[in-house]
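Peer 1: Just passing along the structure, written as structure tokens.
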Protein chains: 4
Amino acid sequence: MRKEFCGVFGIWNHPEAANLAYLGLYALQHRGQETAGICSTDGDRLYHYADQGLVQEVFTRSTLSGLKGNAAIGHVRYSTTGSSASRNTQPLMANYWGGSLALAHNGNLTNAAELKKRLERKGAIFQTAMDSEILLHLIARSEENDFLEALKDALRQIRGAYSFLILRPGQMIAAKDPRGFRPLCVGRLGESYVVASESCAFDIIGAQLVRELEAGEMAIIGPEGIRSEFPIQPRIEPSFCIFEHIYFARPDSVIAGRSVYEMRKRLGRQLAIEHPAVADMVVPVPDSSNPAALGYSQQTGIPFEIGLIRSHYVGRTFIEPRQSIRDFGAKIKYNPLQQLLVGKRLVVVDDSIVRGTTAQKIVKMLRAAGAVEIHYRLSCPPWKNPCYYGIDTPLREELLASSRDLEAMRAYIAADSLQFLSIEGLERVFDNQGGFCMACFSGDYPGGRPRNHFKEILEARAVRVAAKP
Amino acid sequence: MRKEFCGVFGIWNHPEAANLAYLGLYALQHRGQETAGICSTDGDRLYHYADQGLVQEVFTRSTLSGLKGNAAIGHVRYSTTGSSASRNTQPLMANYWGGSLALAHNGNLTNAAELKKRLERKGAIFQTAMDSEILLHLIARSEENDFLEALKDALRQIRGAYSFLILRPGQMIAAKDPRGFRPLCVGRLGESYVVASESCAFDIIGAQLVRELEAGEMAIIGPEGIRSEFPIQPRIEPSFCIFEHIYFARPDSVIAGRSVYEMRKRLGRQLAIEHPAVADMVVPVPDSSNPAALGYSQQTGIPFEIGLIRSHYVGRTFIEPRQSIRDFGAKIKYNPLQQLLVGKRLVVVDDSIVRGTTAQKIVKMLRAAGAVEIHYRLSCPPWKNPCYYGIDTPLREELLASSRDLEAMRAYIAADSLQFLSIEGLERVFDNQGGFCMACFSGDYPGGRPRNHFKEILEARAVRVAAKP
Amino acid sequence: MRKEFCGVFGIWNHPEAANLAYLGLYALQHRGQETAGICSTDGDRLYHYADQGLVQEVFTRSTLSGLKGNAAIGHVRYSTTGSSASRNTQPLMANYWGGSLALAHNGNLTNAAELKKRLERKGAIFQTAMDSEILLHLIARSEENDFLEALKDALRQIRGAYSFLILRPGQMIAAKDPRGFRPLCVGRLGESYVVASESCAFDIIGAQLVRELEAGEMAIIGPEGIRSEFPIQPRIEPSFCIFEHIYFARPDSVIAGRSVYEMRKRLGRQLAIEHPAVADMVVPVPDSSNPAALGYSQQTGIPFEIGLIRSHYVGRTFIEPRQSIRDFGAKIKYNPLQQLLVGKRLVVVDDSIVRGTTAQKIVKMLRAAGAVEIHYRLSCPPWKNPCYYGIDTPLREELLASSRDLEAMRAYIAADSLQFLSIEGLERVFDNQGGFCMACFSGDYPGGRPRNHFKEILEARAVRVAAKP
Amino acid sequence: MRKEFCGVFGIWNHPEAANLAYLGLYALQHRGQETAGICSTDGDRLYHYADQGLVQEVFTRSTLSGLKGNAAIGHVRYSTTGSSASRNTQPLMANYWGGSLALAHNGNLTNAAELKKRLERKGAIFQTAMDSEILLHLIARSEENDFLEALKDALRQIRGAYSFLILRPGQMIAAKDPRGFRPLCVGRLGESYVVASESCAFDIIGAQLVRELEAGEMAIIGPEGIRSEFPIQPRIEPSFCIFEHIYFARPDSVIAGRSVYEMRKRLGRQLAIEHPAVADMVVPVPDSSNPAALGYSQQTGIPFEIGLIRSHYVGRTFIEPRQSIRDFGAKIKYNPLQQLLVGKRLVVVDDSIVRGTTAQKIVKMLRAAGAVEIHYRLSCPPWKNPCYYGIDTPLREELLASSRDLEAMRAYIAADSLQFLSIEGLERVFDNQGGFCMACFSGDYPGGRPRNHFKEILEARAVRVAAKP
């Protein structure tokens, strides 16, 4: 499954703003590989470039040099429908009564369909299939005459998950929803301010992580420095996406003071405590499960072995042979080490099962390579519920765990045993401190659920034909 | 000078709608060479593709096959600022309360700046720097619940010049402003209806010209056939752009029953009557002045000679040498025939002088080739006033004729004599029937003048960086 | 029919050698539109770039700036098989015992097949499907130790038609075959020497034509200036391609002191003397027949009218509709002016008939536009024989005139009358001075005929797959 | 350092030959990332496509479908000079007396300069800067009339390292030099034969590894099956490149019956035995050093930790910021995990040190992240001597170990300690069976050294300008 969603990056007051935004987006590439875009400002105009592709494919020296000025925001995105990708790039740009602004969004609004219907009935014209565009219309239609007031007015109308970056000629604004579902952190690089989805984007440019934005916080960065407001009162309990720790974030990022790598290792250790196995080796599903598998190995003493080699060259344009090669999709990504695995009992550590098809293929490949026992272990609880807060998930009925008990899931992937980390174990790893959204496991949605599915509403109407076949 | 502006083409009820739109736009290529776009519909969705470039460069077999359905509208455009070309393509598309629609526009709205300001203050977000977008917002904000009523409501609010083509899943609409500044004609191809800026677009697909749309007419084409309304009452005297006859239209087009080629020859004959010359040959500035020069030659008996060869391969990406080649810009386009011209007295017939720089270079080249006398003759009156109805013209002060008398103009281009067709002569050629806009010559603007310049307002704000350097 | 073949350009001792070569090739674009290439030298290395496409499409600012040095040669080419175009670009480059050299060739060797077979049997490896490569092998294998001696040795072994340009780090050499079939002229631009297929390439850069290279001449250009040798003795009667005057050359070129435009007008006059017609107007098949039609009109007094409009945007990638539009191929290129032609008797002047299919379509289009009589006149004699000296012609049996008498040809194109200029008339126009190859008309091949067809031998073996579909 | 060189793949008798070659090359992508090419045959013609770029970038569905037939060979290459990459693609193709053939080569000929000089003096024209081309000329010039005899004749004249794949319309030939420096193995896929540099290319298409080609073996594959000859007699002791095991091969490949992953783990274990360290964790330089680090960890019990995160998106077109970011080159590739490393004593396991600059930067990054002790361990002996057998290495003086003792090297990279695996230890890991080339460590060159450096001779002459900037 493709679980990427979006990453945002902003920089204020740096002579190479666009170049550093490019580097920051490069470090956030794992958060979205379909489109990339940057908008900069020289204090007078906005300059914008975005297209389909990886960060390195989208930008050239020539386009970067056209992105003038000393402030910039950028965005990487995973979009669900390829055909409309060229249109649905971010940052979004708009000309409205107050001038020009650019917007980069990570998250998902749960009342998008209602707001859109209401706005259209009032004459709004939507240019994209992205819920993010709603914020632009709310700002443009606000009764307020001051931009910041209009923005706060708009923020108070939207529901769901968002980490926004907004750029105007004289200002950069970072805003998090009241529950703080998605990450957003602030850093410094000399006299410059930087904002990013993850701290790994600071490391590449030599910036220092200062802190996470708080849930509900709106940070205004401008010539006079940085200051914060909390436009939605009273403030409520945060619900940070637990899956950022489990899967999304890069292991070298630090979220809320916790090393992602370290937390994943702890998940693996807790998994080993809950669900040990008698085996010859612990094999991760590379690369994202490596830390959990290491934790499992260190807890149990069963040797960690890289039994599946992952290819890192798989791009979007891969051409498949006409005749079927068995389990082709898995084969171009993973190759098992036959000599290592033959006759062995394996603990396979993975960080999530969505539809179960990849797990099924991995088990099949490992058996074909000679493994005699396969004990599949997941460093998270069963994923039973769709996410409405920014993760692109399939329908509930497509989730393997939504309608199957443990034995049915085990039978589906054909492992000798299958075990998941418990919700309690997951909470223990995070010291039972709470503050997380675990709706995908528990079904308890802290931010409510959307009444209609926004994407289908928008996408059905107009189709941009893609230039790249 | 670049005097192109826009061309539109529409086809209803044809299994190869997008392919024929492609051919129609190809025949209208002379009306706009910066961007090209087509939007089609299968009665359910709209399909859209547009990009910078010539028609043949923009579309591939693959993109055309993605433009599904049996109705389509297309657009070719000349945009003033290259940097924003990729964003300012047409047809425009919008999602609004009534669904989706696409819009192609040839013309220029004179109250665009006021309307835009008013719309923005009410919350409208503008995505392009094209005045055409205003119509979309007016439709989206109309109090009317029926699309056609909303469209009529919108048409009643705009001023200036427009030939619109609108495509919706079940309908294609063609509309002309009350003065009918710009051309738009209707034709038939078997069971299909076709609409185009010029009749030459019908010839290429074997369609028959039926008639011109009348000034103020709105033709609604759908499953039940074609019917017309005149939304703005009472109807007023039309003012068709005389420059379409003089310069813009292809010579093989027929406008209002008149052959463009024939009218240009008549302009040349009248010019000869008004301003004869003693000379050895009549030399056109190719290719657009060929018919007028032929008329001049036939009237006077002075032989017509192709004394300037025009290169037809000049594209947008021409690379100039670093060191200056004298009059390089003219040289890559025209080459004089030295052996023909040496020692000769020439009548050079041209169809317009804008800034005068090209005329100056041509005179210089012809003299360098050995011509002993150069009598420059223009098949139209002096162009003294900017056009606000869809022709991209420079500022008044840049127009050679705006502040110079005949002798000063002659001195500027360094010809031995310079003469223009008189306004009376121009009217005589068109049988003194009236119905033309001649504001560029007379300063008498039938549709009023805009209070602000729209383009500067829109363009100043946000800049898309161009991918193609 | 496509009758283009090749054009060459060279410049010595200019700081912008590659840029001026680019301009020169641009002026020679009509001689070959499939591939373009330039090789430059800084006196030490050779720098090379070539690709499929028009000159402007092939070169970018970046590739031109990589072509360092103050000498360069360039080539434009029409290649018969698209699939192998990317491989068969010129200038050819080779590393051999004497260093590096580049070669640009216009013409066709008649003993290519024999030479190639002999060279292969001695171990030569051929990289292209171009006969031009044979010269490289002959130079590389010469017993001579001096480059010029080796070149002369090689020239003495080849037969047929050639205008060669050769570039080495310290030298540029221009060579013409002993009969001088193809054009090649020398010019000056300040301290620089220029060589080109046609003089119009000098005009664009402001260079002065000095003279044609003589048949059999080898001009050596280097730091010490220019000097000539005639490697093949005794010298023989030249046979310059008459078709350069009739069709290939640009009208603004001067060949052997004769203006191409002027000679074409004379051909039209002579045609009118031989084959008058009672008609209302003379209509050229644009653009190449314009001068002949003007001559015909001036001789007869029948008015010259541009009754067929030619589109200048037709590129290689034109997409045809799936369903047949009648005579589509002709329609995208020509459009008749119905209002002008209806009820009229026409003299249509064309400069050649090859297969007759285009003439047939033009006659059909003109009749459909209302012409009542069509008298087709050709400004050259019937083309009965293939060219083996550098013009890409079809097989003899495909030539309309090869097996049909005048009446059969007339019936095929369905004109009311058809007449060709006589060979005697053609000679008279050129003052009966002789020195021309008229083999295509007369069947008298001054340079002999090849025993085998070279192209088929080479092309059958190895196929490069084209990247551009 | 870039240590890639080349990979080859061949398939005989499969209806999807080109598609499977594409997949095979994809699996061999780690062996060469600059150019990729495939040549196929349908028994009559050869079809060829090659370009700069990764396998997935070079080939499209369209180009693959043009590669017809049921046999194909492919090549991936790392070329040293970017400017000449577009010309220096493989497979090479040639037309010679016997028809057409294609050649793919992994290795390096040590007598290339002498052979080339001799061949040029006899009239050979070289088209590329690749020593591989020499084999083509030797075949083309052989006195033998039979292709296989000519090939054997040619093989007897060349010295050095080669694994060749040759494709002709009726035959595929695989040949290894008498010492068998570079890998080449044979497999089966149903009725098809496959040949590849590494067995991982068989896994992706579901083929079975049969065996390695023997040193000096020439395998002829055709309609009648496979048969072998040993053209060079008497046979000599093989010298397989030890570095294929240490660094080049993919860990999931099997070479000479040995799992590459397993051998690398054993190198790590032996390294731990020879050079233990007191430390808190073992950190690999990812990804190639992972197995050796795991071995070190398992031998010592010091925990294995992924302390450096490697980015997998670094492509050729990365744009660097104008202002220096400290150690930028390392930062875009590696990011240390500060929270994990702070205050820790590390064993860093790497698989080679070439110039030492990357090691230096890694040490610096780890210290900046808070590591208190860094014990750098290399899973191979010091690399003191350039490779002349196919690995692209710097000059001897650029190799860190060529002129420095252990302490000087340690000081250069600024580690707390530095240790290398001993040559004896290396031999012990491979059971002291011999048969390896260890010239890079020992200076004992089994295949002799070239007298001149081939590349400089060839490259100096002619430069193709790159289209991609």
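The chains in the structure tokens are called A, B, ... from first to last as shown; in each chain the residues are counted from 1, and the ligands are counted from 1 in the order shown.
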Would you tabulate, counting only C-alpha atoms, all residues of chain D that have an atom at most 6 Å from an atom of chain A, showing the closest pair of atoms and their distance in Å to one decimal, sorted by chain then ascending number, as a Markdown table?

Peer 2:
```
| residue | atom | partner | partner_atom | distance |
| --- | --- | --- | --- | --- |
| D:Asn19 | CA | A:Pro321 | CA | 5.7 |
| D:Ile204 | CA | A:Lys331 | CA | 5.8 |
| D:Asp252 | CA | A:Leu337 | CA | 5.3 |
| D:Pro321 | CA | A:Asn19 | CA | 5.7 |
| D:Lys331 | CA | A:Ile204 | CA | 5.7 |
| D:Leu337 | CA | A:Asp252 | CA | 5.3 |
```

Peer 1: Residues of the last selection are to be written out with C-alpha atoms, as a JSON list (two decimals), in the first residue's frame.

Peer 2:
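Result file follows (part-v7.json):
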```json
[["chain", "number", "residue", "atom", "x", "y", "z"],
["D", 19, "ASN", "CA", 11.22, -6.92, -21.57],
["D", 204, "ILE", "CA", 13.59, -11.02, -10.60],
["D", 252, "ASP", "CA", 21.33, -11.33, -2.53],
["D", 321, "PRO", "CA", 22.84, 25.55, -2.64],
["D", 331, "LYS", "CA", 24.55, 15.37, 4.48],
["D", 337, "LEU", "CA", 20.64, 9.84, 14.82]]
```

Peer 1: Give me, as a ChimeraX atom specification, all polymer residues having an atom no more than 8 Å from Gln127 of chain A, counting only C-alpha atoms and skipping those fewer than 4 positions away in the same chain.

Peer 2: /B:93-95,127

Peer 1: Please write the residues from the selection above to a file, keeping all heavy atoms, as a PDB file, in the first residue's frame.

Peer 2:
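Below is the file that was written, selection.pdb:
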```
ATOM      1  N   MET B  93     -11.450  26.292 -17.051  1.00  0.00           N
ATOM      2  CA  MET B  93     -12.402  25.332 -16.508  1.00  0.00           C
ATOM      3  C   MET B  93     -12.811  25.747 -15.106  1.00  0.00           C
ATOM      4  O   MET B  93     -12.002  26.287 -14.357  1.00  0.00           O
ATOM      5  CB  MET B  93     -11.775  23.960 -16.444  1.00  0.00           C
ATOM      6  CG  MET B  93     -11.676  23.336 -17.817  1.00  0.00           C
ATOM      7  SD  MET B  93     -10.925  21.741 -17.704  1.00  0.00           S
ATOM      8  CE  MET B  93     -12.273  20.789 -17.015  1.00  0.00           C
ATOM      9  N   ALA B  94     -14.048  25.435 -14.742  1.00  0.00           N
ATOM     10  CA  ALA B  94     -14.489  25.770 -13.395  1.00  0.00           C
ATOM     11  C   ALA B  94     -15.491  24.750 -12.878  1.00  0.00           C
ATOM     12  O   ALA B  94     -16.308  24.212 -13.632  1.00  0.00           O
ATOM     13  CB  ALA B  94     -15.125  27.160 -13.378  1.00  0.00           C
ATOM     14  N   ASN B  95     -15.385  24.487 -11.590  1.00  0.00           N
ATOM     15  CA  ASN B  95     -16.410  23.731 -10.888  1.00  0.00           C
ATOM     16  C   ASN B  95     -17.201  24.725 -10.047  1.00  0.00           C
ATOM     17  O   ASN B  95     -16.625  25.457  -9.256  1.00  0.00           O
ATOM     18  CB  ASN B  95     -15.766  22.695  -9.971  1.00  0.00           C
ATOM     19  CG  ASN B  95     -15.043  21.631 -10.753  1.00  0.00           C
ATOM     20  OD1 ASN B  95     -15.618  21.024 -11.636  1.00  0.00           O
ATOM     21  ND2 ASN B  95     -13.772  21.432 -10.429  1.00  0.00           N
ATOM     22  N   GLN B 127      -7.727  32.821 -10.309  1.00  0.00           N
ATOM     23  CA  GLN B 127      -6.660  31.851 -10.535  1.00  0.00           C
ATOM     24  C   GLN B 127      -5.784  32.237 -11.714  1.00  0.00           C
ATOM     25  O   GLN B 127      -4.710  31.684 -11.885  1.00  0.00           O
ATOM     26  CB  GLN B 127      -7.269  30.463 -10.800  1.00  0.00           C
ATOM     27  CG  GLN B 127      -7.964  29.879  -9.597  1.00  0.00           C
ATOM     28  CD  GLN B 127      -6.992  29.521  -8.495  1.00  0.00           C
ATOM     29  OE1 GLN B 127      -5.819  29.262  -8.746  1.00  0.00           O
ATOM     30  NE2 GLN B 127      -7.449  29.526  -7.255  1.00  0.00           N
TER      31      GLN B 127
END
```

Peer 1: Name the residues of segment 105-282 of chain C that come out as strand (DSSP E or B) in a backbone DSSP run; write them as a PyMOL selection string.

Peer 2: chain C and resi 105-109+126+160-168+171-176+185-189+192-196+208-212+218-222+225-229+240-241+254-255+258-259+281-282

Peer 1: Restrict the selected residues to N, CA and C atoms and save them as a short mmCIF file (atom, residue, chain, number, x, y, z; two decimals), in the first residue's frame.

Peer 2:
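After the write, selection.cif holds the following:
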```
data_model
loop_
_atom_site.label_atom_id
_atom_site.label_comp_id
_atom_site.auth_asym_id
_atom_site.auth_seq_id
_atom_site.Cartn_x
_atom_site.Cartn_y
_atom_site.Cartn_z
N HIS C 105 28.40 16.17 -45.74
CA HIS C 105 28.33 15.78 -47.14
C HIS C 105 26.97 16.09 -47.72
N ASN C 106 26.96 16.74 -48.89
CA ASN C 106 25.75 16.88 -49.68
C ASN C 106 26.03 16.19 -51.01
N GLY C 107 25.25 15.17 -51.33
CA GLY C 107 25.47 14.46 -52.57
C GLY C 107 25.22 12.98 -52.41
N ASN C 108 25.72 12.20 -53.37
CA ASN C 108 25.48 10.77 -53.37
C ASN C 108 26.57 10.10 -54.17
N LEU C 109 27.23 9.10 -53.57
CA LEU C 109 28.32 8.40 -54.25
C LEU C 109 27.73 7.26 -55.07
N PHE C 126 31.24 -0.40 -40.26
CA PHE C 126 30.42 0.76 -40.59
C PHE C 126 29.46 1.06 -39.45
N GLY C 160 30.58 9.94 -58.36
CA GLY C 160 29.25 10.47 -58.10
C GLY C 160 29.29 11.93 -57.70
N ALA C 161 28.35 12.31 -56.84
CA ALA C 161 28.15 13.71 -56.53
C ALA C 161 28.51 14.00 -55.08
N TYR C 162 29.33 15.01 -54.88
CA TYR C 162 29.63 15.38 -53.49
C TYR C 162 30.06 16.82 -53.37
N SER C 163 29.53 17.46 -52.36
CA SER C 163 30.10 18.70 -51.86
C SER C 163 30.41 18.40 -50.40
N PHE C 164 31.69 18.27 -50.09
CA PHE C 164 32.13 17.89 -48.75
C PHE C 164 32.63 19.10 -47.98
N LEU C 165 32.37 19.10 -46.68
CA LEU C 165 33.09 19.99 -45.76
C LEU C 165 33.75 19.11 -44.72
N ILE C 166 35.03 19.32 -44.50
CA ILE C 166 35.78 18.53 -43.53
C ILE C 166 36.41 19.47 -42.52
N LEU C 167 36.28 19.12 -41.24
CA LEU C 167 36.89 19.94 -40.19
C LEU C 167 37.87 19.11 -39.39
N ARG C 168 39.07 19.63 -39.24
CA ARG C 168 40.08 19.04 -38.36
C ARG C 168 40.53 20.13 -37.40
N GLN C 171 42.29 22.87 -39.55
CA GLN C 171 42.02 23.00 -40.98
C GLN C 171 40.54 22.78 -41.28
N MET C 172 40.06 23.52 -42.28
CA MET C 172 38.74 23.24 -42.83
C MET C 172 38.89 23.07 -44.33
N ILE C 173 38.30 22.00 -44.86
CA ILE C 173 38.47 21.71 -46.28
C ILE C 173 37.11 21.60 -46.94
N ALA C 174 36.96 22.25 -48.09
CA ALA C 174 35.75 22.13 -48.88
C ALA C 174 36.12 21.46 -50.19
N ALA C 175 35.33 20.48 -50.62
CA ALA C 175 35.67 19.76 -51.85
C ALA C 175 34.42 19.46 -52.65
N LYS C 176 34.55 19.63 -53.97
CA LYS C 176 33.45 19.37 -54.89
C LYS C 176 33.87 18.28 -55.85
N CYS C 185 29.55 27.30 -52.13
CA CYS C 185 30.14 28.60 -52.43
C CYS C 185 30.92 29.13 -51.23
N VAL C 186 31.80 30.07 -51.51
CA VAL C 186 32.73 30.60 -50.52
C VAL C 186 32.42 32.06 -50.29
N GLY C 187 32.52 32.50 -49.05
CA GLY C 187 32.29 33.90 -48.75
C GLY C 187 33.25 34.42 -47.70
N ARG C 188 33.16 35.69 -47.42
CA ARG C 188 33.99 36.32 -46.38
C ARG C 188 33.11 37.09 -45.41
N LEU C 189 33.52 37.05 -44.16
CA LEU C 189 32.87 37.86 -43.13
C LEU C 189 34.01 38.46 -42.31
N SER C 192 36.97 36.27 -41.41
CA SER C 192 36.54 34.86 -41.41
C SER C 192 36.21 34.39 -42.81
N TYR C 193 36.44 33.09 -43.05
CA TYR C 193 35.97 32.45 -44.26
C TYR C 193 34.69 31.70 -43.97
N VAL C 194 33.76 31.73 -44.90
CA VAL C 194 32.53 30.94 -44.77
C VAL C 194 32.31 30.14 -46.04
N VAL C 195 31.73 28.98 -45.89
CA VAL C 195 31.42 28.10 -47.02
C VAL C 195 29.99 27.62 -46.80
N ALA C 196 29.19 27.57 -47.86
CA ALA C 196 27.81 27.13 -47.68
C ALA C 196 27.25 26.58 -48.97
N GLN C 208 29.75 38.18 -47.21
CA GLN C 208 29.70 38.47 -48.65
C GLN C 208 30.04 37.22 -49.44
N LEU C 209 29.24 36.93 -50.45
CA LEU C 209 29.54 35.84 -51.38
C LEU C 209 30.77 36.22 -52.19
N VAL C 210 31.77 35.33 -52.25
CA VAL C 210 32.95 35.58 -53.08
C VAL C 210 32.80 34.86 -54.42
N ARG C 211 32.58 33.53 -54.35
CA ARG C 211 32.43 32.78 -55.61
C ARG C 211 31.95 31.37 -55.29
N GLU C 212 31.51 30.68 -56.35
CA GLU C 212 31.23 29.26 -56.25
C GLU C 212 32.55 28.49 -56.22
N MET C 218 39.28 21.56 -54.55
CA MET C 218 39.42 21.26 -53.13
C MET C 218 40.04 22.50 -52.50
N ALA C 219 39.26 23.19 -51.64
CA ALA C 219 39.77 24.42 -51.03
C ALA C 219 40.21 24.11 -49.61
N ILE C 220 41.46 24.48 -49.30
CA ILE C 220 42.02 24.22 -47.97
C ILE C 220 42.09 25.55 -47.24
N ILE C 221 41.36 25.62 -46.13
CA ILE C 221 41.31 26.86 -45.36
C ILE C 221 41.98 26.63 -44.02
N GLY C 222 42.92 27.50 -43.67
CA GLY C 222 43.64 27.32 -42.41
C GLY C 222 44.21 28.64 -41.96
N GLY C 225 45.29 31.10 -44.53
CA GLY C 225 44.36 31.58 -45.55
C GLY C 225 43.73 30.45 -46.34
N ILE C 226 43.40 30.72 -47.57
CA ILE C 226 42.73 29.74 -48.41
C ILE C 226 43.57 29.47 -49.64
N ARG C 227 43.64 28.19 -50.02
CA ARG C 227 44.31 27.85 -51.29
C ARG C 227 43.59 26.66 -51.91
N SER C 228 43.73 26.46 -53.20
CA SER C 228 42.96 25.43 -53.88
C SER C 228 43.82 24.44 -54.62
N GLU C 229 43.32 23.23 -54.73
CA GLU C 229 43.93 22.19 -55.54
C GLU C 229 42.83 21.52 -56.35
N PHE C 240 26.30 20.81 -63.50
CA PHE C 240 25.61 21.29 -62.31
C PHE C 240 24.12 20.92 -62.35
N CYS C 241 23.59 20.53 -61.22
CA CYS C 241 22.20 20.07 -61.11
C CYS C 241 21.23 21.20 -61.48
N VAL C 254 21.98 33.07 -54.92
CA VAL C 254 22.59 33.35 -56.21
C VAL C 254 23.49 32.17 -56.52
N ILE C 255 23.27 31.52 -57.67
CA ILE C 255 24.09 30.38 -58.05
C ILE C 255 24.79 30.70 -59.36
N ARG C 258 23.86 33.76 -61.03
CA ARG C 258 22.49 33.93 -61.47
C ARG C 258 21.55 33.94 -60.27
N SER C 259 20.66 34.91 -60.26
CA SER C 259 19.64 34.96 -59.22
C SER C 259 18.64 33.83 -59.44
N MET C 281 -6.83 33.81 -64.73
CA MET C 281 -5.77 34.13 -63.75
C MET C 281 -4.70 33.04 -63.75
N VAL C 282 -3.51 33.46 -63.28
CA VAL C 282 -2.39 32.52 -63.11
C VAL C 282 -2.26 32.25 -61.60
#
```

Peer 1: If we count only C-alpha atoms, what is near segment 135-144 of chain D at a cut-off of 7 Å, once residues fewer than 3 positions away on the same chain are taken out, given as a PyMOL selection string?

Peer 2: (chain C and resi 122-125) or (chain D and resi 96-97+132+149-151+153-154)

Peer 1: Just to confirm, what's the straight-line distance from atom CA of Leu67 of chain A to atom CA of Ser40 of chain A in Å (one decimal)?

Peer 2: 5.6 Å

Peer 1: I'd like the contact shell of Arg396 of chain C - 6 Å cut-off, only C-alpha atoms, skipping same-chain residues fewer than 2 positions apart - returned as a list in words.

Peer 2: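 Here the answer would be Asn385, Pro386, Glu398 and Leu399 of chain C.
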
Peer 1: Write out as a list in words all residues of segment 364-399 of chain A that DSSP puts in alpha helix (DSSP H) for this structure's backbone.

Peer 2: Lys364, Met365, Leu366, Arg367 and Ala368 of chain A

Peer 1: Write out as a list in words which residues come within 9 Å of segment 406-414 of chain B when counting only C-alpha atoms, dropping same-chain ones fewer than 3 positions away.

Peer 2: Gly356, Thr357, Thr358, Ala359, Gln360, Lys361, Ile362, Val363, Lys364, Ile374, Tyr376, Pro382, Leu400, Ala401, Ser417, Leu418, Gln419 and Phe420 of chain B

Peer 1: Set the distance at 8 Å and use only C-alpha atoms: which residues neighbour Thr300 of chain D once local chain neighbours fewer than 3 positions away are removed? I'd like the list as a PDB file with C-alpha atoms, in the first residue's frame.

Peer 2:
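Once everything was written out, this is result-v9.pdb:
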```
ATOM      1  CA  ALA D 272      35.864  -8.401  15.018  1.00  0.00           C
ATOM      2  CA  PRO D 276      37.791  -5.885  18.701  1.00  0.00           C
ATOM      3  CA  TYR D 296      30.916  -7.726  13.758  1.00  0.00           C
ATOM      4  CA  SER D 297      28.000  -7.256  16.114  1.00  0.00           C
TER       5      SER D 297
END
```

Peer 1: I need the residue nearest Gly268 of chain D from this list: D:Gln299, D:Gln90, D:Thr393, D:Thr41. Use only C-alpha atoms for the distance.

Peer 2: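 Of all the options, D:Gln299 lies closest to Gly268 of chain D.
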